[in-house]
$ cat run-v5.cif   # mmCIF, C-alpha atoms and all ligand atoms
data_input
loop_
_atom_site.label_atom_id
_atom_site.label_comp_id
_atom_site.auth_asym_id
_atom_site.auth_seq_id
_atom_site.Cartn_x
_atom_site.Cartn_y
_atom_site.Cartn_z
CA MET A 7 116.90 -181.70 93.15
CA ASP A 8 118.22 -184.75 91.26
CA LEU A 9 115.51 -187.42 91.36
CA ARG A 10 117.45 -189.85 89.15
CA LYS A 11 120.54 -190.64 91.20
CA PRO A 12 121.42 -194.35 90.99
CA VAL A 13 119.86 -196.69 93.56
CA ARG A 14 122.77 -198.40 95.33
CA LYS A 15 121.40 -199.19 98.77
CA ALA A 16 118.44 -201.07 100.19
CA VAL A 17 116.74 -201.00 103.58
CA ILE A 18 115.27 -204.19 105.00
CA PRO A 19 113.33 -203.59 108.24
CA VAL A 20 113.29 -206.60 110.55
CA ALA A 21 112.47 -205.01 113.90
CA GLY A 22 108.76 -205.88 114.17
CA ASN A 23 107.34 -208.13 116.88
CA GLY A 24 105.74 -210.64 114.51
CA THR A 25 102.74 -211.00 116.81
CA ARG A 26 100.66 -212.76 114.13
CA PHE A 27 103.10 -215.65 114.27
CA LEU A 28 103.20 -216.23 118.02
CA PRO A 29 104.22 -218.54 119.60
CA ALA A 30 106.73 -219.27 116.77
CA THR A 31 108.15 -215.76 117.13
CA LYS A 32 108.57 -215.81 120.92
CA ALA A 33 112.31 -216.41 120.65
CA MET A 34 112.83 -216.48 116.88
CA PRO A 35 112.49 -213.53 114.47
CA LYS A 36 109.61 -214.02 112.04
CA GLU A 37 112.01 -213.03 109.26
CA MET A 38 113.93 -216.26 110.00
CA LEU A 39 110.91 -218.53 109.41
CA THR A 40 111.82 -220.77 106.51
CA VAL A 41 110.16 -221.06 103.14
CA VAL A 42 111.32 -224.50 101.93
CA ASP A 43 114.95 -224.34 103.09
CA ARG A 44 115.85 -220.67 103.53
CA PRO A 45 114.64 -217.91 105.81
CA VAL A 46 112.23 -215.41 104.28
CA VAL A 47 114.76 -212.60 104.79
CA GLN A 48 117.26 -214.45 102.56
CA TYR A 49 114.85 -214.15 99.60
CA ALA A 50 114.70 -210.36 100.08
CA VAL A 51 118.49 -210.07 100.21
CA ASP A 52 118.87 -212.22 97.08
CA GLU A 53 116.23 -210.16 95.26
CA ALA A 54 118.03 -206.91 96.16
CA ARG A 55 121.45 -208.20 95.15
CA GLN A 56 120.12 -209.61 91.86
CA ALA A 57 118.74 -206.12 91.10
CA GLY A 58 122.23 -204.65 91.49
CA ILE A 59 121.92 -203.30 95.06
CA GLU A 60 125.41 -202.91 96.54
CA HIS A 61 124.71 -202.30 100.22
CA ILE A 62 121.94 -203.51 102.51
CA VAL A 63 120.91 -201.80 105.74
CA PHE A 64 118.98 -203.98 108.17
CA VAL A 65 116.90 -202.20 110.77
CA THR A 66 116.94 -204.69 113.57
CA SER A 67 116.03 -204.94 117.26
CA ARG A 68 116.58 -207.00 120.37
CA ASN A 69 116.31 -210.79 119.94
CA LYS A 70 117.19 -210.62 116.24
CA HIS A 71 120.82 -211.77 116.51
CA SER A 72 120.18 -214.80 114.33
CA ILE A 73 119.60 -212.50 111.34
CA GLU A 74 123.07 -210.96 111.78
CA ASP A 75 124.59 -214.41 112.19
CA HIS A 76 122.80 -215.70 109.11
CA PHE A 77 124.51 -213.10 106.92
CA ASP A 78 127.96 -213.73 108.39
CA ASP A 79 130.61 -216.17 107.22
CA THR A 80 130.68 -219.71 108.66
CA PRO A 81 134.26 -220.94 108.14
CA GLU A 82 133.96 -223.96 110.44
CA LEU A 83 130.76 -225.13 108.75
CA LEU A 84 132.25 -224.63 105.28
CA ALA A 85 135.39 -226.56 106.23
CA SER A 86 133.31 -229.40 107.63
CA LEU A 87 131.12 -229.52 104.48
CA GLU A 88 134.27 -229.63 102.32
CA ARG A 89 135.71 -232.46 104.45
CA ALA A 90 132.46 -234.38 104.00
CA GLY A 91 132.65 -233.90 100.21
CA LYS A 92 129.55 -231.64 100.21
CA THR A 93 131.27 -229.05 98.04
CA ARG A 94 128.11 -228.04 96.18
CA MET A 95 126.40 -227.02 99.39
CA ALA A 96 129.55 -225.19 100.54
CA ASP A 97 129.68 -223.31 97.21
CA GLU A 98 126.01 -222.40 97.49
CA LEU A 99 126.56 -220.98 100.99
CA ARG A 100 129.52 -218.92 99.72
CA GLU A 101 127.42 -217.55 96.86
CA LEU A 102 124.61 -216.51 99.23
CA LEU A 103 126.98 -214.60 101.52
CA PRO A 104 126.94 -210.84 100.84
CA PRO A 105 130.47 -209.47 100.27
CA ALA A 106 132.32 -208.22 103.38
CA GLY A 107 131.33 -204.68 104.31
CA SER A 108 128.20 -204.66 102.14
CA VAL A 109 125.74 -205.15 105.01
CA SER A 110 125.03 -202.80 107.93
CA PHE A 111 122.81 -203.17 110.96
CA THR A 112 121.13 -200.44 112.94
CA ARG A 113 118.67 -200.75 115.80
CA GLN A 114 115.09 -199.59 116.06
CA GLN A 115 114.88 -199.37 119.82
CA ALA A 116 111.10 -199.79 119.97
CA PRO A 117 108.71 -201.10 117.29
CA LEU A 118 107.01 -197.74 116.67
CA GLY A 119 105.95 -198.66 113.14
CA LEU A 120 107.36 -199.17 109.66
CA GLY A 121 107.81 -195.42 109.08
CA HIS A 122 109.92 -195.17 112.21
CA ALA A 123 111.95 -198.26 111.22
CA VAL A 124 112.78 -196.67 107.85
CA TRP A 125 113.73 -193.39 109.56
CA CYS A 126 116.22 -195.31 111.72
CA ALA A 127 118.23 -196.03 108.53
CA ARG A 128 118.66 -192.33 107.63
CA ASP A 129 122.34 -191.92 108.56
CA LEU A 130 123.38 -195.13 106.84
CA ILE A 131 121.50 -194.25 103.65
CA GLY A 132 122.50 -190.57 103.51
CA ASP A 133 121.46 -188.30 100.65
CA GLU A 134 120.59 -190.88 98.00
CA PRO A 135 117.55 -192.85 96.83
CA PHE A 136 117.14 -196.32 98.25
CA ALA A 137 115.13 -199.48 97.74
CA LEU A 138 112.97 -200.70 100.60
CA LEU A 139 112.00 -204.36 100.85
CA LEU A 140 109.59 -205.70 103.46
CA PRO A 141 111.00 -209.18 103.88
CA ASP A 142 107.76 -210.86 104.89
CA MET A 143 106.28 -209.87 101.52
CA LEU A 144 107.82 -212.65 99.47
CA CYS A 145 107.97 -212.06 95.71
CA TYR A 146 107.65 -215.13 93.54
CA GLY A 147 108.24 -214.92 89.82
CA ALA A 148 110.69 -215.25 86.97
CA ARG A 149 112.24 -211.94 88.01
CA GLY A 150 112.48 -210.14 91.35
CA CYS A 151 110.23 -207.12 91.87
CA VAL A 152 113.03 -204.66 92.76
CA ALA A 153 114.67 -205.18 89.34
CA GLY A 154 111.42 -204.04 87.70
CA LEU A 155 111.18 -201.06 90.05
CA ILE A 156 114.70 -200.01 89.08
CA ASP A 157 113.82 -200.28 85.35
CA LEU A 158 110.88 -197.92 85.87
CA TYR A 159 113.02 -195.63 88.05
CA THR A 160 115.68 -195.46 85.33
CA ALA A 161 112.99 -194.44 82.82
CA ALA A 162 111.00 -192.05 85.00
CA GLY A 163 112.94 -191.16 88.20
CA GLY A 164 111.16 -189.97 91.34
CA ASN A 165 109.72 -192.56 93.73
CA VAL A 166 108.55 -195.98 92.57
CA LEU A 167 106.16 -198.36 94.31
CA GLY A 168 105.68 -202.08 93.68
CA VAL A 169 101.99 -202.89 93.22
CA GLU A 170 99.83 -205.89 92.47
CA GLN A 171 96.12 -206.36 91.89
CA CYS A 172 93.97 -207.93 94.59
CA GLU A 173 90.33 -209.02 94.73
CA PRO A 174 88.07 -205.97 95.29
CA GLU A 175 86.96 -207.31 98.70
CA GLU A 176 90.62 -207.57 99.84
CA VAL A 177 91.48 -203.86 99.49
CA SER A 178 90.77 -203.20 103.18
CA SER A 179 93.85 -205.32 104.10
CA TYR A 180 96.34 -203.21 102.11
CA GLY A 181 97.70 -199.82 101.13
CA ILE A 182 95.95 -198.99 97.84
CA VAL A 183 97.12 -196.56 95.13
CA ALA A 184 95.08 -194.49 92.67
CA ARG A 185 96.06 -195.03 89.05
CA GLY A 186 96.99 -192.10 86.79
CA GLU A 187 98.40 -192.03 83.25
CA ASN A 188 100.74 -194.72 81.97
CA VAL A 189 104.46 -194.02 82.48
CA ALA A 190 107.03 -196.33 80.87
CA HIS A 191 106.08 -199.86 82.03
CA GLY A 192 104.00 -198.56 84.92
CA PHE A 193 101.71 -195.69 85.82
CA ALA A 194 101.65 -192.42 87.75
CA VAL A 195 100.31 -192.67 91.29
CA THR A 196 97.71 -189.99 91.93
CA GLY A 197 96.74 -191.00 95.45
CA MET A 198 97.35 -193.51 98.24
CA VAL A 199 95.07 -194.77 100.96
CA GLU A 200 95.81 -197.21 103.75
CA LYS A 201 93.27 -200.06 104.17
CA PRO A 202 90.21 -198.41 102.52
CA LYS A 203 86.67 -199.82 102.59
CA PRO A 204 85.96 -201.56 99.24
CA ALA A 205 83.48 -198.85 98.24
CA GLU A 206 86.06 -196.12 98.87
CA ALA A 207 89.10 -197.77 97.25
CA PRO A 208 90.46 -195.82 94.26
CA SER A 209 91.63 -199.06 92.57
CA ASN A 210 92.56 -202.65 93.45
CA PHE A 211 96.33 -202.03 93.09
CA TYR A 212 97.91 -202.73 96.48
CA LEU A 213 101.41 -201.95 97.72
CA ASN A 214 103.34 -205.22 97.65
CA GLY A 215 106.18 -204.25 100.01
CA ARG A 216 108.73 -203.02 97.45
CA TYR A 217 109.63 -199.34 97.11
CA ILE A 218 112.23 -196.95 95.73
CA LEU A 219 112.18 -193.78 97.79
CA GLN A 220 114.00 -190.47 97.64
CA PRO A 221 115.92 -189.44 100.79
CA GLU A 222 113.53 -186.50 101.42
CA ILE A 223 111.24 -189.13 102.99
CA PHE A 224 113.53 -189.06 106.06
CA ASP A 225 112.84 -185.35 106.75
CA ILE A 226 109.11 -186.05 106.64
CA LEU A 227 109.39 -189.15 108.84
CA ALA A 228 111.38 -187.15 111.41
CA THR A 229 108.22 -185.30 112.44
CA GLN A 230 105.58 -187.75 111.26
CA PRO A 231 102.92 -188.14 113.96
CA ARG A 232 101.59 -191.58 114.80
CA GLY A 233 98.78 -192.75 112.52
CA ALA A 234 96.75 -195.95 112.15
CA GLY A 235 97.40 -198.51 114.91
CA ASN A 236 99.17 -195.73 116.87
CA GLU A 237 102.26 -196.43 114.70
CA ILE A 238 104.41 -194.08 112.60
CA GLN A 239 103.15 -195.07 109.16
CA LEU A 240 105.29 -194.98 106.03
CA THR A 241 102.21 -194.47 103.83
CA ASP A 242 101.38 -191.22 105.67
CA ALA A 243 104.89 -189.89 104.97
CA MET A 244 104.73 -191.03 101.33
CA LEU A 245 101.45 -189.14 100.93
CA THR A 246 103.17 -185.94 102.08
CA LEU A 247 106.14 -186.58 99.78
CA SER A 248 103.79 -187.21 96.84
CA GLY A 249 102.73 -183.56 97.09
CA ARG A 250 106.35 -182.58 96.32
CA GLN A 251 107.77 -185.33 94.10
CA PRO A 252 106.40 -187.73 91.47
CA PHE A 253 105.39 -191.26 92.47
CA HIS A 254 105.10 -194.08 89.94
CA ALA A 255 103.88 -197.64 90.31
CA HIS A 256 105.29 -200.79 88.81
CA PRO A 257 102.78 -203.66 88.52
CA TYR A 258 104.77 -206.76 89.49
CA GLU A 259 104.52 -209.56 86.91
CA GLY A 260 104.89 -212.28 89.57
CA ARG A 261 102.97 -212.91 92.75
CA THR A 262 103.67 -211.69 96.28
CA PHE A 263 102.92 -213.87 99.31
CA ASP A 264 102.34 -212.17 102.65
CA CYS A 265 104.48 -214.39 104.85
CA GLY A 266 103.55 -212.29 107.89
CA SER A 267 100.17 -214.11 107.77
CA LYS A 268 99.79 -217.83 108.34
CA LEU A 269 97.90 -218.49 105.09
CA GLY A 270 100.37 -216.50 102.97
CA PHE A 271 103.29 -218.29 104.60
CA ILE A 272 101.81 -221.74 103.92
CA GLU A 273 100.96 -220.76 100.32
CA ALA A 274 104.53 -219.50 99.80
CA ASN A 275 105.96 -222.78 101.04
CA VAL A 276 103.78 -224.78 98.67
CA ALA A 277 104.44 -222.48 95.68
CA PHE A 278 108.21 -222.37 96.18
CA ALA A 279 108.39 -226.12 96.80
CA LEU A 280 106.31 -226.91 93.68
CA ALA A 281 108.74 -224.81 91.62
CA ARG A 282 111.80 -226.71 92.85
CA ALA A 283 113.28 -229.30 90.47
CA ASP A 284 114.36 -231.48 93.41
CA LEU A 285 111.01 -231.34 95.26
CA GLY A 286 108.19 -230.21 92.99
CA GLU A 287 106.89 -233.59 91.85
CA ALA A 288 106.97 -235.16 95.31
CA VAL A 289 105.29 -232.13 96.92
CA TYR A 290 102.59 -232.10 94.24
CA ALA A 291 101.82 -235.78 94.81
CA SER A 292 101.85 -235.35 98.57
CA VAL A 293 99.57 -232.27 98.60
CA ALA A 294 97.16 -233.93 96.12
CA ASP A 295 97.04 -237.01 98.35
CA LEU A 296 96.44 -234.93 101.50
CA ILE A 297 93.57 -233.12 99.78
CA ARG A 298 92.01 -236.38 98.52
CA LYS A 299 92.15 -237.90 102.02
CA HIS A 300 90.82 -234.70 103.57
CA ASP A 301 87.85 -234.70 101.13
CA THR A 302 87.11 -238.37 101.79
CA ALA A 303 87.23 -237.83 105.56
CA SER A 304 84.93 -234.77 105.38
CA ARG A 305 82.43 -236.66 103.19
CA ALA A 306 82.41 -239.54 105.70
CA ALA A 307 81.94 -237.21 108.70
P1 LIG B 401 104.65 -205.96 109.84
O1 LIG B 401 103.64 -205.03 110.36
O2 LIG B 401 104.21 -207.03 108.90
O3 LIG B 401 105.47 -206.67 111.01
O4 LIG B 401 105.83 -205.11 109.19
P2 LIG B 401 105.14 -206.93 112.52
O5 LIG B 401 104.68 -205.70 113.20
O6 LIG B 401 106.35 -207.61 113.05
O7 LIG B 401 103.96 -208.02 112.39
P3 LIG B 401 102.74 -208.37 113.33
O8 LIG B 401 101.59 -207.56 112.78
O9 LIG B 401 103.10 -208.02 114.76
O10 LIG B 401 102.54 -209.84 113.13
C1 LIG B 401 106.50 -205.39 107.96
C2 LIG B 401 108.02 -205.37 108.17
O11 LIG B 401 108.42 -204.20 108.86
C3 LIG B 401 109.15 -204.52 110.04
C4 LIG B 401 108.80 -205.97 110.37
O12 LIG B 401 109.89 -206.60 111.03
C5 LIG B 401 108.50 -206.56 109.01
O13 LIG B 401 109.67 -207.08 108.40
N1 LIG B 401 108.82 -203.58 111.13
C6 LIG B 401 107.51 -203.33 111.45
C7 LIG B 401 109.84 -202.95 111.78
O14 LIG B 401 111.04 -203.16 111.48
N2 LIG B 401 109.53 -202.08 112.81
C8 LIG B 401 108.25 -201.82 113.17
O15 LIG B 401 108.03 -201.02 114.11
C9 LIG B 401 107.22 -202.48 112.47
#
$ encode --input "run-v5.cif" --output "structure tokens"
Amino acid sequence: MDLRKPVRKAVIPVAGNGTRFLPATKAMPKEMLTVVDRPVVQYAVDEARQAGIEHIVFVTSRNKHSIEDHFDDTPELLASLERAGKTRMADELRELLPPAGSVSFTRQQAPLGLGHAVWCARDLIGDEPFALLLPDMLCYGARGCVAGLIDLYTAAGGNVLGVEQCEPEEVSSYGIVARGENVAHGFAVTGMVEKPKPAEAPSNFYLNGRYILQPEIFDILATQPRGAGNEIQLTDAMLTLSGRQPFHAHPYEGRTFDCGSKLGFIEANVAFALARADLGEAVYASVADLIRKHDTASRAA
């Protein structure tokens, strides 16, 4: 078994219901919620392409048409921007558009869980390793997380998981990995546990929604029974695969915001806006002012 084949494809699952964001997600996919001026799913696609990924498979569902449209060409809009002299914006839109034929869509007919969503991509991925990006986990840093995963994969092969450290009391919100010996610029994963109690967590390294997985995961997912939340869980299948193949972890140097939660989404908007040359100063002044007024009002109350 060759566990070092190049990683050419990525899976981005976008078929969830986004219930934590209702009512915003009644008619709009949560992956299309915007952080500053682009939908969260755009950041995942950019991160994958910057890491050298050549083909992206979206696992989609009913009511998610806007995601397909977003990654299609918009000739009328481009022509109208050109006519209006807004050539920079037109060029930016062209740059963001994945090349023709480099994006595929497949349907998850019912939201049976992340493991099931990944399994739905099996035919389009075939017999090769792939990157998996959960788009609502938004990576913020000088470099995208998938690029770092691919570096570790190139050095060590196998399966690679993006991880980050959380506060000890937060472990029960995440998938947590157990840390083994150092491998290249990461470490061997010796165990995984989904949402442990703080006292039972093997570490504070949580899965940040970025993975490189070998295609054997599909065979395991095919018969994976439902787990936590009555959903087919990817972590359960990865645990089985870790008995047969090595798993490594890459600690991400940046920070991941969970845009599936309201707080994470708001934090991401502030962080990304503060980092923007065209907005940062104004947003800083505005947020500082809001906080000052909020403090004054609460003292007066
Ligand atoms: P989440 O669990 O964060 O998404 O899955 P969700 O189920 O839509 O969110 P809530 O809890 O109801 O608010 C992470 C990613 O996996 C996708 C989601 O679309 C999201 O991008 N997903 C999840 C699927 O594609 N299918 C599923 O069955 C579950």
$ atom_distance --input "run-v5.cif" --atom1 "atom CA of Glu53 of chain A" --atom2 "atom CA of Ala274 of chain A"
15.6 Å
$ residues_near_ligand --input "run-v5.cif" --ligand "ligand LIG 401 (chain B)" --cutoff "10 Å" --atoms "all atoms listed in the file" --output "ChimeraX atom specification"
/A:17-28,31,35-37,46-47,64-67,70,113-124,126,139-143,215,237-239,264-268
$ closest_atom_pairs --input "run-v5.cif" --of "segment 193-240 of chain A" --to "segment 249-260 of chain A" --cutoff "10 Å" --atoms "only C-alpha atoms" --output "CSV"
residue,atom,partner,partner_atom,distance
A:Phe193,CA,A:Ala255,CA,5.4
A:Ala194,CA,A:His254,CA,4.4
A:Val195,CA,A:His254,CA,5.2
A:Thr196,CA,A:Phe253,CA,7.8
A:Gly197,CA,A:Phe253,CA,9.2
A:Phe211,CA,A:Pro257,CA,8.1
A:Tyr212,CA,A:Pro257,CA,9.4
A:Leu213,CA,A:Ala255,CA,8.9
A:Asn214,CA,A:Tyr258,CA,8.4
A:Arg216,CA,A:His256,CA,9.6
A:Tyr217,CA,A:Ala255,CA,9.1
A:Ile218,CA,A:Phe253,CA,9.5
A:Leu219,CA,A:Phe253,CA,9.0
A:Gln220,CA,A:Gln251,CA,8.8
A:Glu222,CA,A:Gln251,CA,9.4
$ atom_distance --input "run-v5.cif" --atom1 "atom CA of Ala106 of chain A" --atom2 "atom CA of Ser72 of chain A"
17.6 Å
$ atom_distance --input "run-v5.cif" --atom1 "atom CA of Arg100 of chain A" --atom2 "atom CA of Ala137 of chain A"
24.3 Å
$ residues_around --input "run-v5.cif" --residues "Asp79 of chain A" --least-positions-apart "2" --cutoff "7 Å" --atoms "all atoms listed in the file" --output "ChimeraX atom specification"
/A:77,81,103
$ write_last_selection --input "run-v5.cif" --atoms "C-alpha atoms" --output "PDB file, keeping the file's coordinate frame"
ATOM      1  CA  PHE A  77     124.510-213.100 106.920  1.00  0.00           C
ATOM      2  CA  PRO A  81     134.260-220.940 108.140  1.00  0.00           C
ATOM      3  CA  LEU A 103     126.980-214.600 101.520  1.00  0.00           C
TER       4      LEU A 103
END
$ residues_near_point --input "run-v5.cif" --point "(93.8, -197.7, 91.4)" --cutoff "8 Å" --atoms "only C-alpha atoms" --output "ChimeraX atom specification"
/A:182-186,207-211
$ residues_around --input "run-v5.cif" --residues "Gly181 of chain A" --least-positions-apart "2" --cutoff "8 Å" --atoms "all atoms listed in the file" --output "compact mmCIF listing (two decimals) with C-alpha atoms, in the coordinates of the input"
# COMPACT_ATOMS: atom_id res chain seq x y z
CA VAL A 177 91.48 -203.86 99.49
CA SER A 178 90.77 -203.20 103.18
CA SER A 179 93.85 -205.32 104.10
CA VAL A 183 97.12 -196.56 95.13
CA MET A 198 97.35 -193.51 98.24
CA VAL A 199 95.07 -194.77 100.96
CA GLU A 200 95.81 -197.21 103.75
CA LYS A 201 93.27 -200.06 104.17
CA PRO A 202 90.21 -198.41 102.52
CA TYR A 212 97.91 -202.73 96.48
CA LEU A 213 101.41 -201.95 97.72
CA THR A 241 102.21 -194.47 103.83
$ axis_aligned_box --input "run-v5.cif" --around "segment 185-193 of chain A" --padding-each-side "3 Å" --output "AutoDock Vina command-line options"
--center_x 101.5 --center_y -195.9 --center_z 85.0 --size_x 17.0 --size_y 13.8 --size_z 14.2
$ residues_near_point --input "run-v5.cif" --point "(100.5, -221.9, 89.7)" --cutoff "12 Å" --atoms "all atoms listed in the file" --output "list of chain:residue names"
A:Tyr146, A:Gly147, A:Gly260, A:Arg261, A:Glu273, A:Ala274, A:Val276, A:Ala277, A:Phe278, A:Ala279, A:Leu280, A:Ala281, A:Gly286, A:Tyr290
$ residues_around --input "run-v5.cif" --residues "Arg10 of chain A" --least-positions-apart "3" --cutoff "12 Å" --atoms "all atoms listed in the file" --output "number ranges by chain"
A: 7, 13-14, 134-136, 156-166, 218-221, 251-252
$ write_last_selection --input "run-v5.cif" --atoms "C-alpha atoms" --output "PDB file, in the frame of the given file"
ATOM      1  CA  MET A   7     116.900-181.700  93.150  1.00  0.00           C
ATOM      2  CA  VAL A  13     119.860-196.690  93.560  1.00  0.00           C
ATOM      3  CA  ARG A  14     122.770-198.400  95.330  1.00  0.00           C
ATOM      4  CA  GLU A 134     120.590-190.880  98.000  1.00  0.00           C
ATOM      5  CA  PRO A 135     117.550-192.850  96.830  1.00  0.00           C
ATOM      6  CA  PHE A 136     117.140-196.320  98.250  1.00  0.00           C
ATOM      7  CA  ILE A 156     114.700-200.010  89.080  1.00  0.00           C
ATOM      8  CA  ASP A 157     113.820-200.280  85.350  1.00  0.00           C
ATOM      9  CA  LEU A 158     110.880-197.920  85.870  1.00  0.00           C
ATOM     10  CA  TYR A 159     113.020-195.630  88.050  1.00  0.00           C
ATOM     11  CA  THR A 160     115.680-195.460  85.330  1.00  0.00           C
ATOM     12  CA  ALA A 161     112.990-194.440  82.820  1.00  0.00           C
ATOM     13  CA  ALA A 162     111.000-192.050  85.000  1.00  0.00           C
ATOM     14  CA  GLY A 163     112.940-191.160  88.200  1.00  0.00           C
ATOM     15  CA  GLY A 164     111.160-189.970  91.340  1.00  0.00           C
ATOM     16  CA  ASN A 165     109.720-192.560  93.730  1.00  0.00           C
ATOM     17  CA  VAL A 166     108.550-195.980  92.570  1.00  0.00           C
ATOM     18  CA  ILE A 218     112.230-196.950  95.730  1.00  0.00           C
ATOM     19  CA  LEU A 219     112.180-193.780  97.790  1.00  0.00           C
ATOM     20  CA  GLN A 220     114.000-190.470  97.640  1.00  0.00           C
ATOM     21  CA  PRO A 221     115.920-189.440 100.790  1.00  0.00           C
ATOM     22  CA  GLN A 251     107.770-185.330  94.100  1.00  0.00           C
ATOM     23  CA  PRO A 252     106.400-187.730  91.470  1.00  0.00           C
TER      24      PRO A 252
END
$ closest_residue --input "run-v5.cif" --among "A:Lys15, A:Asp295, A:Val189, A:Leu167" --to "Ala54 of chain A" --atoms "all atoms listed in the file"
A:Lys15
$ closest_residue --input "run-v5.cif" --among "A:Asp75, A:Glu82, A:Asp133, A:Asp43" --to "Asp225 of chain A" --atoms "all atoms listed in the file"
A:Asp133
